[in-house]
Amino acid sequence: MKSGFVAIIGRPNVGKSTLLNQILGQKIVITTDKAQTTRKRIKGIYTTEEGQIVFIDTPGVHKPLNKLGEFLLDEAKIAVPDADVILFLVDGSEPAGKGDKWICQNLLQTQIPIIIVMNKVDKIKKQEKIEANLLSYKTLFDKNFPVVKISAKTGRNIDTLIKNIYKKLPQGEPMYPEEIVTEETMRDVTEEVIREKILLNTSDEIPHSVAVKVDKYKEEETIDKIYATIYCEHKSQKGILIGKGGNLLKKIGTESRLELEKITEKKVYLELQVKVEKDWRKKEKILKDFGYQQQKEN
């Protein structure tokens, strides 16, 4: 039996979270088309008769502009040395760029087995274009790594990817019971679901300026009662998030509640408020209070 950790590393928006959700057959990580959607390492646990793969989804690697950006980069850095296999996920619909080169030079100079995973290849019709893009990624390395072309969105070739991962994993017993798919608590899930709805319903600087904190989570037999605060950096952002007559906040709350009811399979009461925490992304103490602090893997 095989068992081990697999880190998913790549630039923002290459499809890391979409891939993990596709593999697990259910949504455990929020996904949008905005950069920095994933802010923390999230474990997704995939168990079959052949073994257990503990995937570590990481934030997209980009140049940090503030303390939050430094935290996001560190989340990716920490995942690499603890991994048994690294998936270098790339956007196969375009050639390698500066960001991919930076990741290879700064994060992937390691003896850990690497699989190059070309996502979004279904967006290209010409085979020669795919091969040209593939070559641009392979030449980033001085070793010859296996390549799997996939579509995280449709699930194309995911089975081939899983086979390639199992080939490289060490022998070992499962680390988690087979029914467990994530370590995330319902508080974590709630904060991420609310943040996803904010990302989907706002634009410009709002998505990056927002943090969500569950103040109280009370589980009852027939209903979960949740009280959460959305933090932004400026008073003008608070006005945007609340919306005219409170309409946008109500929409975010309703969409979040409906999704949480699907996850918990019972009624949810969700109360949201918006507060201003000026320049929170630059303040280490506030980042820790919002849950953005480094935790080493087991």
# chains A, B, ... in the order shown; residues from 1 in each chain; ligands from 1
>>> residues_around(residues="Glu178 in chain A", least_positions_apart="6", cutoff="12 Å", atoms="only C-alpha atoms", output="list in words")
Gly44, Ile45, Tyr46, Thr47, Thr48, Glu49, Glu50, Gly51, Gln52, Ile53 and Val54 of chain A
>>> residues_around(residues="range 204-206 of chain A", least_positions_apart="6", cutoff="9 Å", atoms="only C-alpha atoms", output="ChimeraX atom specification")
/A:198,232-233,237,240-241
>>> write_last_selection(atoms="N, CA, C and O atoms", output="mmCIF file, in the first residue's frame")
data_model
loop_
_atom_site.group_PDB
_atom_site.id
_atom_site.type_symbol
_atom_site.label_atom_id
_atom_site.label_comp_id
_atom_site.auth_asym_id
_atom_site.auth_seq_id
_atom_site.Cartn_x
_atom_site.Cartn_y
_atom_site.Cartn_z
ATOM 1 N N ILE A 198 -17.870 36.801 -1.438
ATOM 2 C CA ILE A 198 -17.412 38.192 -1.573
ATOM 3 C C ILE A 198 -16.617 38.344 -2.871
ATOM 4 O O ILE A 198 -16.816 39.295 -3.633
ATOM 5 N N CYS A 232 -12.537 44.777 6.294
ATOM 6 C CA CYS A 232 -11.941 45.421 5.128
ATOM 7 C C CYS A 232 -10.983 46.505 5.622
ATOM 8 O O CYS A 232 -10.888 46.748 6.830
ATOM 9 N N GLU A 233 -10.272 47.153 4.712
ATOM 10 C CA GLU A 233 -9.210 48.081 5.126
ATOM 11 C C GLU A 233 -9.635 49.546 5.177
ATOM 12 O O GLU A 233 -9.012 50.350 5.869
ATOM 13 N N GLN A 237 -14.600 50.860 1.381
ATOM 14 C CA GLN A 237 -14.799 49.440 1.065
ATOM 15 C C GLN A 237 -15.970 48.870 1.874
ATOM 16 O O GLN A 237 -16.729 48.036 1.379
ATOM 17 N N ILE A 240 -19.117 49.712 0.082
ATOM 18 C CA ILE A 240 -19.309 48.862 -1.103
ATOM 19 C C ILE A 240 -19.821 47.490 -0.683
ATOM 20 O O ILE A 240 -20.753 46.939 -1.280
ATOM 21 N N LEU A 241 -19.212 46.906 0.360
ATOM 22 C CA LEU A 241 -19.580 45.561 0.809
ATOM 23 C C LEU A 241 -21.015 45.504 1.339
ATOM 24 O O LEU A 241 -21.717 44.512 1.136
#
>>> select_by_dssp(residues="range 57-235 of chain A", states="strand (DSSP E or B)", output="PyMOL selection string")
chain A and resi 57+85-91+114-119+147-149+151+156+171+211-219+223-232
>>> write_last_selection(atoms="N, CA, C and O atoms", output="short mmCIF file (atom, residue, chain, number, x, y, z; two decimals), in the first residue's frame")
data_model
loop_
_atom_site.label_atom_id
_atom_site.label_comp_id
_atom_site.auth_asym_id
_atom_site.auth_seq_id
_atom_site.Cartn_x
_atom_site.Cartn_y
_atom_site.Cartn_z
N ASP A 57 -2.99 21.70 -1.00
CA ASP A 57 -3.25 22.80 -1.93
C ASP A 57 -2.61 24.06 -1.35
O ASP A 57 -2.74 24.34 -0.16
N VAL A 85 5.88 13.94 -3.08
CA VAL A 85 5.79 14.22 -4.51
C VAL A 85 5.31 15.66 -4.67
O VAL A 85 4.52 16.15 -3.87
N ILE A 86 5.82 16.35 -5.70
CA ILE A 86 5.37 17.72 -6.00
C ILE A 86 4.69 17.73 -7.36
O ILE A 86 5.24 17.22 -8.35
N LEU A 87 3.48 18.28 -7.40
CA LEU A 87 2.82 18.53 -8.69
C LEU A 87 3.10 19.98 -9.05
O LEU A 87 2.65 20.89 -8.35
N PHE A 88 3.86 20.20 -10.12
CA PHE A 88 4.08 21.56 -10.62
C PHE A 88 2.99 21.81 -11.65
O PHE A 88 3.06 21.37 -12.79
N LEU A 89 1.92 22.49 -11.20
CA LEU A 89 0.75 22.71 -12.05
C LEU A 89 0.94 23.98 -12.86
O LEU A 89 1.22 25.05 -12.30
N VAL A 90 0.79 23.86 -14.17
CA VAL A 90 1.01 25.01 -15.06
C VAL A 90 -0.19 25.18 -15.98
O VAL A 90 -0.97 24.26 -16.21
N ASP A 91 -0.33 26.38 -16.51
CA ASP A 91 -1.37 26.68 -17.50
C ASP A 91 -0.84 26.27 -18.86
O ASP A 91 -0.09 26.99 -19.50
N ILE A 114 9.14 15.25 -8.96
CA ILE A 114 8.24 16.29 -9.49
C ILE A 114 7.49 15.73 -10.70
O ILE A 114 8.06 15.02 -11.52
N ILE A 115 6.20 16.04 -10.78
CA ILE A 115 5.41 15.74 -11.97
C ILE A 115 4.93 17.08 -12.53
O ILE A 115 4.34 17.88 -11.81
N ILE A 116 5.22 17.34 -13.80
CA ILE A 116 4.72 18.56 -14.45
C ILE A 116 3.29 18.27 -14.92
O ILE A 116 3.06 17.33 -15.70
N VAL A 117 2.34 19.04 -14.41
CA VAL A 117 0.93 18.82 -14.76
C VAL A 117 0.46 19.99 -15.60
O VAL A 117 0.36 21.12 -15.12
N MET A 118 0.20 19.72 -16.88
CA MET A 118 -0.26 20.77 -17.81
C MET A 118 -1.77 20.82 -17.80
O MET A 118 -2.45 19.95 -18.34
N ASN A 119 -2.30 21.86 -17.16
CA ASN A 119 -3.75 22.05 -17.10
C ASN A 119 -4.21 22.92 -18.28
O ASN A 119 -3.41 23.58 -18.93
N VAL A 147 5.36 14.17 -17.50
CA VAL A 147 4.37 15.22 -17.78
C VAL A 147 3.01 14.56 -17.96
O VAL A 147 2.88 13.53 -18.62
N VAL A 148 1.99 15.14 -17.33
CA VAL A 148 0.61 14.68 -17.53
C VAL A 148 -0.22 15.87 -17.98
O VAL A 148 -0.22 16.92 -17.34
N LYS A 149 -0.92 15.72 -19.12
CA LYS A 149 -1.78 16.79 -19.64
C LYS A 149 -3.21 16.53 -19.16
O LYS A 149 -3.75 15.46 -19.41
N SER A 151 -7.29 18.32 -17.80
CA SER A 151 -8.22 19.44 -17.64
C SER A 151 -8.84 19.29 -16.25
O SER A 151 -9.61 18.36 -16.00
N ARG A 156 -10.53 15.46 -17.32
CA ARG A 156 -9.77 14.72 -18.33
C ARG A 156 -8.38 14.32 -17.81
O ARG A 156 -7.64 15.15 -17.29
N GLN A 171 5.92 3.34 0.15
CA GLN A 171 5.05 2.36 0.81
C GLN A 171 4.68 2.91 2.18
O GLN A 171 5.49 3.54 2.87
N ALA A 211 -10.97 40.06 4.84
CA ALA A 211 -10.76 38.86 5.65
C ALA A 211 -12.08 38.54 6.35
O ALA A 211 -12.88 39.44 6.60
N VAL A 212 -12.29 37.28 6.63
CA VAL A 212 -13.53 36.86 7.30
C VAL A 212 -13.18 36.10 8.56
O VAL A 212 -12.29 35.24 8.56
N LYS A 213 -13.87 36.41 9.64
CA LYS A 213 -13.64 35.71 10.91
C LYS A 213 -14.97 35.31 11.52
O LYS A 213 -15.86 36.14 11.70
N VAL A 214 -15.09 34.02 11.84
CA VAL A 214 -16.29 33.53 12.54
C VAL A 214 -16.13 33.86 14.01
O VAL A 214 -15.19 33.41 14.67
N ASP A 215 -17.05 34.65 14.54
CA ASP A 215 -16.98 35.06 15.94
C ASP A 215 -17.62 34.01 16.86
O ASP A 215 -17.17 33.78 17.97
N LYS A 216 -18.67 33.37 16.34
CA LYS A 216 -19.37 32.36 17.14
C LYS A 216 -20.00 31.33 16.21
O LYS A 216 -20.61 31.69 15.19
N TYR A 217 -19.81 30.06 16.54
CA TYR A 217 -20.42 28.98 15.75
C TYR A 217 -21.12 28.03 16.74
O TYR A 217 -20.47 27.32 17.50
N LYS A 218 -22.44 28.05 16.72
CA LYS A 218 -23.21 27.24 17.66
C LYS A 218 -23.97 26.15 16.91
O LYS A 218 -24.85 26.45 16.09
N GLU A 219 -23.59 24.90 17.18
CA GLU A 219 -24.26 23.76 16.53
C GLU A 219 -25.42 23.29 17.38
O GLU A 219 -25.26 22.98 18.55
N ILE A 223 -30.28 23.10 13.54
CA ILE A 223 -29.80 24.34 12.92
C ILE A 223 -28.41 24.70 13.46
O ILE A 223 -28.10 24.43 14.62
N ASP A 224 -27.55 25.26 12.58
CA ASP A 224 -26.27 25.83 13.01
C ASP A 224 -26.42 27.35 13.00
O ASP A 224 -26.84 27.93 12.00
N LYS A 225 -26.06 27.99 14.12
CA LYS A 225 -26.15 29.45 14.21
C LYS A 225 -24.74 30.03 14.14
O LYS A 225 -23.89 29.71 14.98
N ILE A 226 -24.52 30.86 13.12
CA ILE A 226 -23.17 31.37 12.85
C ILE A 226 -23.18 32.90 12.84
O ILE A 226 -24.02 33.52 12.19
N TYR A 227 -22.22 33.47 13.56
CA TYR A 227 -22.06 34.92 13.59
C TYR A 227 -20.64 35.23 13.10
O TYR A 227 -19.67 34.72 13.67
N ALA A 228 -20.53 36.01 12.04
CA ALA A 228 -19.22 36.25 11.43
C ALA A 228 -19.04 37.72 11.09
O ALA A 228 -20.02 38.45 10.85
N THR A 229 -17.77 38.14 11.07
CA THR A 229 -17.43 39.53 10.72
C THR A 229 -16.57 39.54 9.47
O THR A 229 -15.62 38.77 9.35
N ILE A 230 -16.93 40.42 8.54
CA ILE A 230 -16.11 40.67 7.35
C ILE A 230 -15.28 41.91 7.63
O ILE A 230 -15.82 42.97 7.98
N TYR A 231 -13.96 41.78 7.53
CA TYR A 231 -13.07 42.92 7.76
C TYR A 231 -12.55 43.45 6.42
O TYR A 231 -12.18 42.68 5.54
N CYS A 232 -12.54 44.78 6.29
CA CYS A 232 -11.94 45.42 5.13
C CYS A 232 -10.98 46.51 5.62
O CYS A 232 -10.89 46.75 6.83
#
>>> select_by_dssp(residues="range 25-84 of chain A", states="alpha helix (DSSP H)", output="PyMOL selection string")
chain A and resi 67-79
>>> residues_around(residues="range 190-194 of chain A", least_positions_apart="6", cutoff="12 Å", atoms="only C-alpha atoms", output="PyMOL selection string")
chain A and resi 27-32+37-40+42+184+200-201+207+210-217+224-231+249-264+268-273+290-291
>>> residues_around(residues="Asp74 in chain A", least_positions_apart="4", cutoff="10 Å", atoms="only C-alpha atoms", output="MDAnalysis selection string")
chainID A and resid 40:41 58:59 61 64 68:70 78:79 293:294
>>> write_last_selection(atoms="all heavy atoms", output="short mmCIF file (atom, residue, chain, number, x, y, z; two decimals), in the first residue's frame")
data_model
loop_
_atom_site.label_atom_id
_atom_site.label_comp_id
_atom_site.auth_asym_id
_atom_site.auth_seq_id
_atom_site.Cartn_x
_atom_site.Cartn_y
_atom_site.Cartn_z
N LYS A 40 -4.47 29.77 2.33
CA LYS A 40 -3.81 28.88 3.28
C LYS A 40 -3.62 27.51 2.65
O LYS A 40 -4.32 27.13 1.73
CB LYS A 40 -4.67 28.71 4.55
CG LYS A 40 -4.98 30.00 5.28
CD LYS A 40 -5.91 29.70 6.45
CE LYS A 40 -6.38 30.98 7.13
NZ LYS A 40 -7.33 30.72 8.22
N ARG A 41 -2.64 26.78 3.20
CA ARG A 41 -2.50 25.37 2.80
C ARG A 41 -3.74 24.62 3.27
O ARG A 41 -4.15 24.74 4.42
CB ARG A 41 -1.28 24.74 3.45
CG ARG A 41 0.04 25.08 2.80
CD ARG A 41 1.20 24.61 3.67
NE ARG A 41 1.30 25.42 4.87
CZ ARG A 41 1.73 24.98 6.04
NH1 ARG A 41 2.08 23.73 6.20
NH2 ARG A 41 1.82 25.79 7.07
N THR A 58 -1.88 24.79 -2.18
CA THR A 58 -1.14 25.97 -1.70
C THR A 58 -1.59 27.23 -2.43
O THR A 58 -2.10 27.16 -3.55
CB THR A 58 0.38 25.80 -1.91
OG1 THR A 58 0.65 25.69 -3.31
CG2 THR A 58 0.89 24.55 -1.19
N PRO A 59 -1.37 28.41 -1.82
CA PRO A 59 -1.67 29.66 -2.52
C PRO A 59 -0.81 29.81 -3.78
O PRO A 59 0.31 29.30 -3.83
CB PRO A 59 -1.31 30.74 -1.50
CG PRO A 59 -1.34 30.05 -0.18
CD PRO A 59 -0.91 28.65 -0.44
N VAL A 61 1.80 31.17 -6.26
CA VAL A 61 3.08 31.83 -5.95
C VAL A 61 3.21 33.12 -6.76
O VAL A 61 3.13 33.11 -8.00
CB VAL A 61 4.27 30.89 -6.26
CG1 VAL A 61 5.59 31.60 -6.00
CG2 VAL A 61 4.17 29.62 -5.41
N PRO A 64 5.44 38.95 -3.23
CA PRO A 64 4.67 39.54 -2.14
C PRO A 64 4.78 41.07 -2.10
O PRO A 64 5.85 41.62 -2.30
CB PRO A 64 5.28 38.92 -0.88
CG PRO A 64 6.65 38.48 -1.29
CD PRO A 64 6.60 38.17 -2.75
N LEU A 68 0.67 39.96 4.20
CA LEU A 68 -0.19 38.87 3.75
C LEU A 68 0.46 38.14 2.57
O LEU A 68 0.48 36.91 2.52
CB LEU A 68 -1.57 39.39 3.34
CG LEU A 68 -2.53 38.32 2.77
CD1 LEU A 68 -2.83 37.24 3.80
CD2 LEU A 68 -3.83 38.97 2.28
N GLY A 69 1.01 38.90 1.63
CA GLY A 69 1.70 38.31 0.48
C GLY A 69 2.87 37.43 0.90
O GLY A 69 3.10 36.36 0.34
N GLU A 70 3.59 37.89 1.94
CA GLU A 70 4.71 37.09 2.46
C GLU A 70 4.21 35.79 3.07
O GLU A 70 4.81 34.72 2.91
CB GLU A 70 5.48 37.90 3.52
CG GLU A 70 6.29 39.06 2.95
CD GLU A 70 6.84 39.98 4.03
OE1 GLU A 70 6.85 39.56 5.22
OE2 GLU A 70 7.26 41.11 3.70
N ILE A 78 6.68 26.20 2.61
CA ILE A 78 6.65 25.21 3.69
C ILE A 78 6.16 23.85 3.18
O ILE A 78 6.60 22.81 3.64
CB ILE A 78 5.75 25.72 4.85
CG1 ILE A 78 6.47 26.83 5.61
CG2 ILE A 78 5.39 24.59 5.81
CD1 ILE A 78 5.60 27.56 6.60
N ALA A 79 5.25 23.87 2.22
CA ALA A 79 4.66 22.62 1.72
C ALA A 79 5.68 21.77 0.96
O ALA A 79 5.56 20.54 0.92
CB ALA A 79 3.47 22.93 0.81
N GLN A 293 -1.25 32.49 10.09
CA GLN A 293 0.03 32.25 10.73
C GLN A 293 0.53 30.88 10.32
O GLN A 293 -0.25 29.95 10.13
CB GLN A 293 -0.10 32.35 12.26
CG GLN A 293 -1.12 31.43 12.88
CD GLN A 293 -1.29 31.68 14.36
OE1 GLN A 293 -0.36 32.13 15.02
NE2 GLN A 293 -2.46 31.41 14.91
N GLN A 294 1.83 30.77 10.18
CA GLN A 294 2.43 29.55 9.65
C GLN A 294 2.30 28.39 10.63
O GLN A 294 2.47 28.55 11.83
CB GLN A 294 3.92 29.75 9.34
CG GLN A 294 4.22 29.69 7.86
CD GLN A 294 3.72 30.92 7.13
OE1 GLN A 294 4.06 32.01 7.51
NE2 GLN A 294 2.97 30.73 6.08
#
>>> residues_around(residues="range 108-111 of chain A", least_positions_apart="3", cutoff="12 Å", atoms="only C-alpha atoms", output="CSV table (one decimal) with N, CA and C atoms, in the first residue's frame")
chain,number,residue,atom,x,y,z
A,7,ALA,N,2.3,17.9,-2.7
A,7,ALA,CA,2.1,19.4,-2.7
A,7,ALA,C,1.8,19.8,-4.1
A,8,ILE,N,0.8,20.7,-4.2
A,8,ILE,CA,0.4,21.3,-5.5
A,8,ILE,C,0.9,22.7,-5.5
A,9,ILE,N,1.9,22.9,-6.4
A,9,ILE,CA,2.6,24.2,-6.5
A,9,ILE,C,2.3,24.8,-7.9
A,10,GLY,N,2.2,26.2,-8.0
A,10,GLY,CA,2.0,26.8,-9.2
A,10,GLY,C,1.7,28.3,-9.1
A,76,ALA,N,3.4,28.2,0.5
A,76,ALA,CA,3.9,27.4,-0.6
A,76,ALA,C,5.3,26.8,-0.3
A,77,LYS,N,6.1,27.7,0.3
A,77,LYS,CA,7.5,27.2,0.6
A,77,LYS,C,7.5,26.1,1.6
A,78,ILE,N,6.7,26.2,2.6
A,78,ILE,CA,6.6,25.2,3.7
A,78,ILE,C,6.2,23.9,3.2
A,79,ALA,N,5.2,23.9,2.2
A,79,ALA,CA,4.7,22.6,1.7
A,79,ALA,C,5.7,21.8,1.0
A,80,VAL,N,6.7,22.4,0.4
A,80,VAL,CA,7.6,21.7,-0.5
A,80,VAL,C,8.5,20.6,0.2
A,81,PRO,N,9.3,21.0,1.2
A,81,PRO,CA,10.2,20.1,1.8
A,81,PRO,C,9.5,18.9,2.5
A,82,ASP,N,8.2,19.0,2.9
A,82,ASP,CA,7.5,18.0,3.6
A,82,ASP,C,6.8,17.0,2.6
A,83,ALA,N,6.9,17.3,1.4
A,83,ALA,CA,6.1,16.5,0.4
A,83,ALA,C,6.9,15.3,-0.1
A,84,ASP,N,6.2,14.2,-0.4
A,84,ASP,CA,6.8,13.0,-1.0
A,84,ASP,C,6.8,13.2,-2.5
A,85,VAL,N,5.9,13.9,-3.1
A,85,VAL,CA,5.8,14.2,-4.5
A,85,VAL,C,5.3,15.7,-4.7
A,86,ILE,N,5.8,16.4,-5.7
A,86,ILE,CA,5.4,17.7,-6.0
A,86,ILE,C,4.7,17.7,-7.4
A,87,LEU,N,3.5,18.3,-7.4
A,87,LEU,CA,2.8,18.5,-8.7
A,87,LEU,C,3.1,20.0,-9.0
A,88,PHE,N,3.9,20.2,-10.1
A,88,PHE,CA,4.1,21.6,-10.6
A,88,PHE,C,3.0,21.8,-11.7
A,100,ASP,N,6.7,31.1,-13.7
A,100,ASP,CA,7.0,29.7,-13.7
A,100,ASP,C,8.5,29.5,-13.5
A,101,LYS,N,9.3,30.3,-14.2
A,101,LYS,CA,10.8,30.3,-14.0
A,101,LYS,C,11.2,30.5,-12.6
A,102,TRP,N,10.6,31.5,-12.0
A,102,TRP,CA,10.9,31.9,-10.6
A,102,TRP,C,10.6,30.8,-9.7
A,103,ILE,N,9.4,30.1,-9.8
A,103,ILE,CA,9.1,29.0,-9.0
A,103,ILE,C,10.1,27.8,-9.1
A,104,CYS,N,10.5,27.5,-10.3
A,104,CYS,CA,11.5,26.5,-10.6
A,104,CYS,C,12.8,26.8,-9.9
A,105,GLN,N,13.2,28.0,-10.0
A,105,GLN,CA,14.5,28.4,-9.5
A,105,GLN,C,14.5,28.5,-7.9
A,114,ILE,N,9.1,15.3,-9.0
A,114,ILE,CA,8.2,16.3,-9.5
A,114,ILE,C,7.5,15.7,-10.7
A,115,ILE,N,6.2,16.0,-10.8
A,115,ILE,CA,5.4,15.7,-12.0
A,115,ILE,C,4.9,17.1,-12.5
A,116,ILE,N,5.2,17.3,-13.8
A,116,ILE,CA,4.7,18.6,-14.5
A,116,ILE,C,3.3,18.3,-14.9
A,140,LEU,N,12.7,24.4,-18.3
A,140,LEU,CA,13.0,25.1,-17.0
A,140,LEU,C,13.8,24.2,-16.1
A,141,PHE,N,13.8,22.9,-16.3
A,141,PHE,CA,14.5,22.0,-15.4
A,141,PHE,C,15.7,21.4,-16.2
A,142,ASP,N,16.7,21.0,-15.4
A,142,ASP,CA,17.8,20.3,-16.0
A,142,ASP,C,17.6,18.7,-15.9
A,143,LYS,N,16.5,18.3,-15.3
A,143,LYS,CA,16.2,16.9,-15.3
A,143,LYS,C,14.9,16.6,-16.1
A,145,PHE,N,11.4,15.3,-16.2
A,145,PHE,CA,10.3,14.9,-15.3
A,145,PHE,C,9.1,14.4,-16.1
>>> closest_residue(among="A:Pro177, A:Gly15, A:Gly60, A:Gly172", to="Val121 in chain A", atoms="only C-alpha atoms")
A:Gly15
>>> decode(residues="range 88-154 of chain A", atoms="C-alpha atoms", output="PDB file, in the first residue's frame")
ATOM      1  CA  PHE A  88       4.076  21.559 -10.623  1.00  0.00           C
ATOM      2  CA  LEU A  89       0.749  22.711 -12.045  1.00  0.00           C
ATOM      3  CA  VAL A  90       1.010  25.008 -15.056  1.00  0.00           C
ATOM      4  CA  ASP A  91      -1.369  26.681 -17.498  1.00  0.00           C
ATOM      5  CA  GLY A  92      -0.715  24.528 -20.551  1.00  0.00           C
ATOM      6  CA  SER A  93      -2.639  26.890 -22.813  1.00  0.00           C
ATOM      7  CA  GLU A  94       0.301  29.303 -22.728  1.00  0.00           C
ATOM      8  CA  PRO A  95       4.107  28.949 -22.674  1.00  0.00           C
ATOM      9  CA  ALA A  96       6.162  29.186 -19.480  1.00  0.00           C
ATOM     10  CA  GLY A  97       6.546  32.720 -18.168  1.00  0.00           C
ATOM     11  CA  LYS A  98       8.684  34.577 -15.628  1.00  0.00           C
ATOM     12  CA  GLY A  99       6.515  33.357 -12.741  1.00  0.00           C
ATOM     13  CA  ASP A 100       7.004  29.693 -13.689  1.00  0.00           C
ATOM     14  CA  LYS A 101      10.757  30.252 -14.036  1.00  0.00           C
ATOM     15  CA  TRP A 102      10.893  31.911 -10.594  1.00  0.00           C
ATOM     16  CA  ILE A 103       9.052  28.972  -8.996  1.00  0.00           C
ATOM     17  CA  CYS A 104      11.472  26.475 -10.567  1.00  0.00           C
ATOM     18  CA  GLN A 105      14.546  28.408  -9.459  1.00  0.00           C
ATOM     19  CA  ASN A 106      13.356  29.251  -5.935  1.00  0.00           C
ATOM     20  CA  LEU A 107      11.013  26.455  -4.844  1.00  0.00           C
ATOM     21  CA  LEU A 108      11.667  23.395  -6.982  1.00  0.00           C
ATOM     22  CA  GLN A 109      15.421  22.917  -6.659  1.00  0.00           C
ATOM     23  CA  THR A 110      14.882  19.697  -4.732  1.00  0.00           C
ATOM     24  CA  GLN A 111      15.445  15.941  -4.855  1.00  0.00           C
ATOM     25  CA  ILE A 112      11.726  15.326  -4.268  1.00  0.00           C
ATOM     26  CA  PRO A 113      10.039  13.711  -7.324  1.00  0.00           C
ATOM     27  CA  ILE A 114       8.242  16.287  -9.490  1.00  0.00           C
ATOM     28  CA  ILE A 115       5.406  15.740 -11.974  1.00  0.00           C
ATOM     29  CA  ILE A 116       4.717  18.556 -14.452  1.00  0.00           C
ATOM     30  CA  VAL A 117       0.934  18.820 -14.755  1.00  0.00           C
ATOM     31  CA  MET A 118      -0.255  20.768 -17.806  1.00  0.00           C
ATOM     32  CA  ASN A 119      -3.747  22.050 -17.101  1.00  0.00           C
ATOM     33  CA  LYS A 120      -6.163  23.747 -19.552  1.00  0.00           C
ATOM     34  CA  VAL A 121      -4.715  21.920 -22.602  1.00  0.00           C
ATOM     35  CA  ASP A 122      -8.321  21.467 -23.807  1.00  0.00           C
ATOM     36  CA  LYS A 123      -8.269  25.205 -24.640  1.00  0.00           C
ATOM     37  CA  ILE A 124      -5.743  24.573 -27.466  1.00  0.00           C
ATOM     38  CA  LYS A 125      -6.784  22.940 -30.710  1.00  0.00           C
ATOM     39  CA  LYS A 126      -3.374  22.612 -32.405  1.00  0.00           C
ATOM     40  CA  GLN A 127      -1.196  19.764 -31.155  1.00  0.00           C
ATOM     41  CA  GLU A 128       2.028  21.524 -32.190  1.00  0.00           C
ATOM     42  CA  LYS A 129       1.106  24.483 -29.960  1.00  0.00           C
ATOM     43  CA  ILE A 130       0.645  22.139 -26.979  1.00  0.00           C
ATOM     44  CA  GLU A 131       4.015  20.513 -27.663  1.00  0.00           C
ATOM     45  CA  ALA A 132       5.723  23.922 -27.963  1.00  0.00           C
ATOM     46  CA  ASN A 133       4.235  25.015 -24.619  1.00  0.00           C
ATOM     47  CA  LEU A 134       5.265  21.702 -23.052  1.00  0.00           C
ATOM     48  CA  LEU A 135       8.852  22.168 -24.214  1.00  0.00           C
ATOM     49  CA  SER A 136       8.967  25.645 -22.651  1.00  0.00           C
ATOM     50  CA  TYR A 137       8.121  24.099 -19.248  1.00  0.00           C
ATOM     51  CA  LYS A 138      10.454  21.103 -19.575  1.00  0.00           C
ATOM     52  CA  THR A 139      13.423  23.356 -20.394  1.00  0.00           C
ATOM     53  CA  LEU A 140      12.986  25.115 -17.028  1.00  0.00           C
ATOM     54  CA  PHE A 141      14.503  21.998 -15.446  1.00  0.00           C
ATOM     55  CA  ASP A 142      17.807  20.260 -16.005  1.00  0.00           C
ATOM     56  CA  LYS A 143      16.161  16.883 -15.284  1.00  0.00           C
ATOM     57  CA  ASN A 144      13.564  15.028 -17.321  1.00  0.00           C
ATOM     58  CA  PHE A 145      10.336  14.910 -15.303  1.00  0.00           C
ATOM     59  CA  PRO A 146       7.136  13.067 -16.276  1.00  0.00           C
ATOM     60  CA  VAL A 147       4.371  15.218 -17.782  1.00  0.00           C
ATOM     61  CA  VAL A 148       0.610  14.682 -17.530  1.00  0.00           C
ATOM     62  CA  LYS A 149      -1.779  16.792 -19.637  1.00  0.00           C
ATOM     63  CA  ILE A 150      -5.113  17.327 -17.899  1.00  0.00           C
ATOM     64  CA  SER A 151      -8.223  19.437 -17.639  1.00  0.00           C
ATOM     65  CA  ALA A 152      -8.967  20.102 -13.966  1.00  0.00           C
ATOM     66  CA  LYS A 153     -12.348  21.504 -14.972  1.00  0.00           C
ATOM     67  CA  THR A 154     -13.621  18.473 -16.924  1.00  0.00           C
TER      68      THR A 154
END
